[in-house]
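*Asks:* Handing you a structure now.
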Amino acid sequence: MSVASHRWSSPTRWLSRALPPGRFGRAMTTQIPDESAADQAFRAEARTFLEAHARPRPPGSSSSPLGKEMTAEAEAAHVQECRDWQATLAANGWAGISWPAEYGGRGGTVGQARIFAQEEARFDVSSGAFMVAIAMVGPTIIAHGVEEQKAYYLPRMLDGEHVWCQLFSEPGAGSDLAGLTTRAERDGDEFVVNGQKVWTSGAHFSDWGMLLARTDWDVPKHRGITYFLVDMRSPGIEVRPLRQITGYAHFNEVFLTDVRIPAANVLGEVNGGWGVAQTTLGNERAAIGGGGSGIGFKALLHLAEALGRTGDPTVRQDLARSYTRFELLNWLGQRARARAKQGKQPGSEASVMKMLASQRVAADSDLALALEGPAGMLQSGDAPEEGMFQQMFLNQWSVRIGGGTEQIQRNVLGERVLGLPSEPRPDKSLPFRDLPRN
């Protein structure tokens, strides 16, 4: 019996047939606990809402922006669709499932948020423009913000009014983010900021940004950083697009010249921004690994079926590996959500998810183009699946580098989980102004 005849109705049986006989001795599966009656009722309610407000996603399609061409016009339309969908969620009580109700959320559980995300993925809706706000900024403000910040910023994320971007990386501070040199100097009730950021996704359409800047040059580099919330329409902010290999410009460099930020927009303590940023970065890694890291396995399987390649044993093994990575990310995501349910920040699983997502997007795009053969050289409407996998292949480095490279994640896991000694770093105890810089 061919793999194609099994379709998607029984993925574990499909996987056991796809793997070489005896390769792993016996089939190993993990039983997912049955949902409670309350969760089943919540899933049914969510599905009813989605069926009333959205269309089912076509077979083989993807919600990931990695698989889509984005001209300026198409991107503007996509952002507006994201705003409209976010507003629809908020108006009907489905925005911020696990966020506090007093800030516009539903006040539900982390498990319910996962259930809604699973159901939402089955429908053709746009939400990517709010990934930074919902997955990264919001949880950081909930964890570190004062009451006034929570009351102002959180509802405006959930109702689609504010799109956010991340102003962290600099030309000389990427993997070594704590080496940033953007300067923020106190002037009464404001900070005056000067510097440059780079590789900022969506800065050209964002309303607000989360910004790291140096406020003390006389302490070690990790201790002199402050976390700001900045209005992207502030005088002195200039956004310049960076043209990518795809031909489009999703990333930007951002120049800040005498930008004034109210002291009330400091998140956490002055000079305590590095600890606040760890919350953001942990959630970013979990978000990249948990959903926004590539095109879904179903789309890859649909391509193989459409091209008649599921009868090839080698292809079946490659698809089985893809499915395994897909399920591992799901399980790691559940572990991360369980930590969140206990009030904990993302732990080591976030770094594992980020690493696995990087490997997945590279392997899946390679497999897709190999399946397509010479047609893999085409793009847009001339290519299979309208060039979805070609775009994924070209965009993969944004996943593999963004949120921390694989080498950085290995260092994090080695030092914080395995207890391995870190490399000697004499710069960790020196004042930042005394460190040599390019």
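By order of appearance in the structure tokens: chains A, B, ..., then residues from 1 within every chain, and ligands from 1 in the order shown.
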Skip Glu190 of chain A itself and residues of its chain fewer than 4 positions away, then list as number ranges by chain all residues within 8 Å of it, counting only C-alpha atoms.

*Replies:* A: 186, 260-263

*Asks:* Pick out each residue of segment 223-398 of chain A that DSSP on the backbone tags as helix (DSSP H, G or I); I need them as a VMD selection string.

*Replies:* chain A and resid 223 263 to 265 273 to 290 297 to 306 313 to 341 348 to 377 380 to 382 384 to 398

*Asks:* Could you give me, as a ChimeraX atom specification, each residue of segment 102-246 of chain A that DSSP assigns to strand (DSSP E or B) when run on this structure's backbone?

*Replies:* /A:123,164-167,170,173,183-187,190-197,208-214,225-231,237-242

*Asks:* Write the selection just made, keeping N, CA and C atoms, as a short mmCIF file (atom, residue, chain, number, x, y, z; two decimals), in the first residue's frame?

*Replies:*
```cif
data_model
loop_
_atom_site.label_atom_id
_atom_site.label_comp_id
_atom_site.auth_asym_id
_atom_site.auth_seq_id
_atom_site.Cartn_x
_atom_site.Cartn_y
_atom_site.Cartn_z
N PHE A 123 -7.44 27.66 9.07
CA PHE A 123 -8.21 28.65 8.34
C PHE A 123 -7.29 29.66 7.66
N TRP A 164 4.19 46.07 16.20
CA TRP A 164 5.47 46.31 16.86
C TRP A 164 6.63 45.72 16.07
N CYS A 165 7.83 46.27 16.32
CA CYS A 165 9.07 45.72 15.76
C CYS A 165 10.11 45.65 16.88
N GLN A 166 11.21 44.97 16.57
CA GLN A 166 12.26 44.72 17.56
C GLN A 166 13.53 45.46 17.16
N LEU A 167 13.94 46.43 17.95
CA LEU A 167 15.13 47.24 17.68
C LEU A 167 16.26 46.80 18.60
N GLU A 170 22.50 45.44 15.99
CA GLU A 170 23.22 46.57 15.41
C GLU A 170 24.30 46.05 14.47
N ALA A 173 26.69 44.49 16.72
CA ALA A 173 26.14 43.76 17.87
C ALA A 173 25.00 42.89 17.40
N ARG A 183 23.22 54.81 22.08
CA ARG A 183 23.38 55.56 23.33
C ARG A 183 22.07 56.23 23.74
N ALA A 184 21.71 56.13 25.02
CA ALA A 184 20.55 56.84 25.57
C ALA A 184 21.02 57.65 26.77
N GLU A 185 20.87 58.98 26.70
CA GLU A 185 21.33 59.87 27.75
C GLU A 185 20.14 60.56 28.40
N ARG A 186 20.14 60.61 29.71
CA ARG A 186 19.02 61.20 30.46
C ARG A 186 19.02 62.71 30.30
N ASP A 187 17.84 63.26 30.04
CA ASP A 187 17.64 64.70 29.97
C ASP A 187 16.30 65.01 30.63
N GLU A 190 13.15 62.70 30.10
CA GLU A 190 13.30 62.02 28.82
C GLU A 190 14.69 61.42 28.70
N PHE A 191 14.83 60.51 27.73
CA PHE A 191 16.12 60.01 27.30
C PHE A 191 16.31 60.42 25.84
N VAL A 192 17.52 60.86 25.50
CA VAL A 192 17.84 61.22 24.13
C VAL A 192 18.68 60.09 23.54
N VAL A 193 18.18 59.50 22.45
CA VAL A 193 18.78 58.28 21.90
C VAL A 193 19.43 58.57 20.55
N ASN A 194 20.65 58.06 20.38
CA ASN A 194 21.37 58.14 19.11
C ASN A 194 22.02 56.80 18.83
N GLY A 195 21.88 56.35 17.58
CA GLY A 195 22.49 55.08 17.20
C GLY A 195 21.86 54.49 15.96
N GLN A 196 22.20 53.24 15.69
CA GLN A 196 21.70 52.55 14.50
C GLN A 196 21.33 51.12 14.85
N LYS A 197 20.20 50.67 14.33
CA LYS A 197 19.77 49.28 14.44
C LYS A 197 19.70 48.68 13.04
N TRP A 208 5.11 50.87 16.87
CA TRP A 208 5.96 50.95 18.05
C TRP A 208 7.12 49.97 17.93
N GLY A 209 8.18 50.24 18.70
CA GLY A 209 9.33 49.35 18.71
C GLY A 209 9.84 49.14 20.12
N MET A 210 10.42 47.97 20.37
CA MET A 210 11.11 47.71 21.63
C MET A 210 12.59 47.90 21.35
N LEU A 211 13.22 48.75 22.13
CA LEU A 211 14.57 49.24 21.84
C LEU A 211 15.51 48.97 23.01
N LEU A 212 16.69 48.45 22.71
CA LEU A 212 17.76 48.34 23.69
C LEU A 212 18.79 49.42 23.42
N ALA A 213 19.17 50.16 24.46
CA ALA A 213 20.18 51.21 24.31
C ALA A 213 21.05 51.23 25.56
N ARG A 214 22.27 51.74 25.39
CA ARG A 214 23.22 51.78 26.51
C ARG A 214 23.05 53.07 27.29
N ILE A 225 22.56 48.40 30.11
CA ILE A 225 21.59 48.44 29.01
C ILE A 225 20.19 48.68 29.58
N THR A 226 19.42 49.52 28.88
CA THR A 226 18.05 49.81 29.29
C THR A 226 17.09 49.48 28.16
N TYR A 227 15.93 49.00 28.52
CA TYR A 227 14.90 48.54 27.57
C TYR A 227 13.84 49.65 27.46
N PHE A 228 13.63 50.15 26.23
CA PHE A 228 12.68 51.23 25.99
C PHE A 228 11.54 50.78 25.08
N LEU A 229 10.41 51.44 25.23
CA LEU A 229 9.27 51.31 24.32
C LEU A 229 9.20 52.62 23.55
N VAL A 230 9.39 52.56 22.22
CA VAL A 230 9.53 53.78 21.44
C VAL A 230 8.48 53.87 20.35
N ASP A 231 7.89 55.05 20.23
CA ASP A 231 6.94 55.35 19.16
C ASP A 231 7.72 55.50 17.86
N ILE A 237 13.65 59.38 13.82
CA ILE A 237 13.73 57.97 13.41
C ILE A 237 13.65 57.89 11.90
N GLU A 238 14.65 57.27 11.29
CA GLU A 238 14.68 57.07 9.83
C GLU A 238 14.79 55.57 9.55
N VAL A 239 13.88 55.06 8.74
CA VAL A 239 13.86 53.64 8.39
C VAL A 239 14.27 53.48 6.94
N ARG A 240 15.28 52.66 6.70
CA ARG A 240 15.75 52.39 5.33
C ARG A 240 15.62 50.90 5.04
N PRO A 241 14.96 50.53 3.96
CA PRO A 241 14.78 49.11 3.64
C PRO A 241 16.08 48.45 3.21
N LEU A 242 16.20 47.16 3.50
CA LEU A 242 17.33 46.35 3.06
C LEU A 242 16.82 45.34 2.04
#
```

*Asks:* Per residue of segment 255-344 of chain A within 12 Å of segment 218-223 of chain A, record the nearest atom pair and its distance in Å to one decimal, counting only C-alpha atoms, with rows in chain order and ascending residue number, as CSV.

*Replies:*
```
residue,atom,partner,partner_atom,distance
A:Glu269,CA,A:Arg223,CA,10.9
A:Val270,CA,A:Arg223,CA,9.6
A:Asn271,CA,A:Arg223,CA,5.8
A:Gly272,CA,A:Arg223,CA,6.5
A:Gly273,CA,A:Arg223,CA,7.9
A:Trp274,CA,A:His222,CA,6.1
A:Gly275,CA,A:His222,CA,8.7
A:Val276,CA,A:His222,CA,11.4
A:Ala277,CA,A:His222,CA,10.7
A:Gln278,CA,A:His222,CA,11.3
```

*Asks:* Please produce a file of those selected residues containing C-alpha atoms, as a short mmCIF file (atom, residue, chain, number, x, y, z; two decimals), in the first residue's frame.

*Replies:*
```cif
data_model
loop_
_atom_site.label_atom_id
_atom_site.label_comp_id
_atom_site.auth_asym_id
_atom_site.auth_seq_id
_atom_site.Cartn_x
_atom_site.Cartn_y
_atom_site.Cartn_z
CA GLU A 269 14.70 49.32 35.64
CA VAL A 270 17.22 51.71 34.11
CA ASN A 271 20.37 49.66 33.40
CA GLY A 272 18.35 46.48 33.96
CA GLY A 273 17.36 46.01 30.34
CA TRP A 274 19.44 42.90 29.73
CA GLY A 275 17.32 40.83 32.10
CA VAL A 276 14.13 42.18 30.53
CA ALA A 277 15.49 41.37 27.08
CA GLN A 278 15.99 37.73 28.08
#
```

*Asks:* Using only C-alpha atoms, which of the listed residues (A:Thr109, A:Thr310, A:Gln391, A:Thr279) sits closest to His144 of chain A?

*Replies:* A:Thr279

*Asks:* Write out as a list in words which residues come within 8 Å of Leu413 of chain A when counting only C-alpha atoms, dropping same-chain ones fewer than 4 positions away.

*Replies:* Ser348, Ser351, Val352, Gln409, Val417 and Leu418 of chain A

*Asks:* For the selection just defined, write its residues with C-alpha atoms to a file, as a short mmCIF file (atom, residue, chain, number, x, y, z; two decimals), in the first residue's frame.

*Replies:*
```
data_model
loop_
_atom_site.label_atom_id
_atom_site.label_comp_id
_atom_site.auth_asym_id
_atom_site.auth_seq_id
_atom_site.Cartn_x
_atom_site.Cartn_y
_atom_site.Cartn_z
CA SER A 348 16.14 25.60 27.62
CA SER A 351 16.85 27.20 22.46
CA VAL A 352 16.21 23.60 21.40
CA GLN A 409 21.92 28.22 21.01
CA VAL A 417 21.76 23.04 30.84
CA LEU A 418 24.79 20.75 30.63
#
```

*Asks:* Using only C-alpha atoms for the distances, tell me which of A:Ser322, A:Gln118, A:Ser127, A:Gln112 is nearest to Ala299 of chain A.

*Replies:* A:Ser322

*Asks:* Considering only C-alpha atoms, return as a list in words whatever protein or nucleic-acid residues lie within 9 Å of segment 45-48 of chain A, sequence-local ones (same chain, fewer than 5 positions apart) excluded.

*Replies:*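 Everything that qualifies: Gln40, His53, Trp94, Ile115, Phe116, Glu119 and Glu120 of chain A.
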
*Asks:* Which residues are close to Ile408 of chain A, i.e. within 8 Å by only C-alpha atoms, leaving aside same-chain residues fewer than 4 positions away? Reply as a PyMOL selection string.

*Replies:* chain A and resi 175+404+412

*Asks:* Atom CA of Gln317 of chain A and atom CA of Ala363 of chain A are how many Å apart?

*Replies:*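 Atom-to-atom, atom CA of Gln317 of chain A to atom CA of Ala363 of chain A, that is 12.5 Å.
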
*Asks:* Using atom CA of Gly402 of chain A and atom CA of Arg360 of chain A as the two end points, give the distance in Å to one decimal.

*Replies:*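 Atom CA of Gly402 of chain A sits 14.5 Å away from atom CA of Arg360 of chain A.
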
*Asks:* Can you pull out the residues contacting Met355 of chain A? Cut-off 12 Å, using only C-alpha atoms, and skip same-chain residues under 3 positions away; I want them as a ChimeraX atom specification.

*Replies:* /A:285-286,288-290,293,325,328-329,332,348-352,358-362,399-413
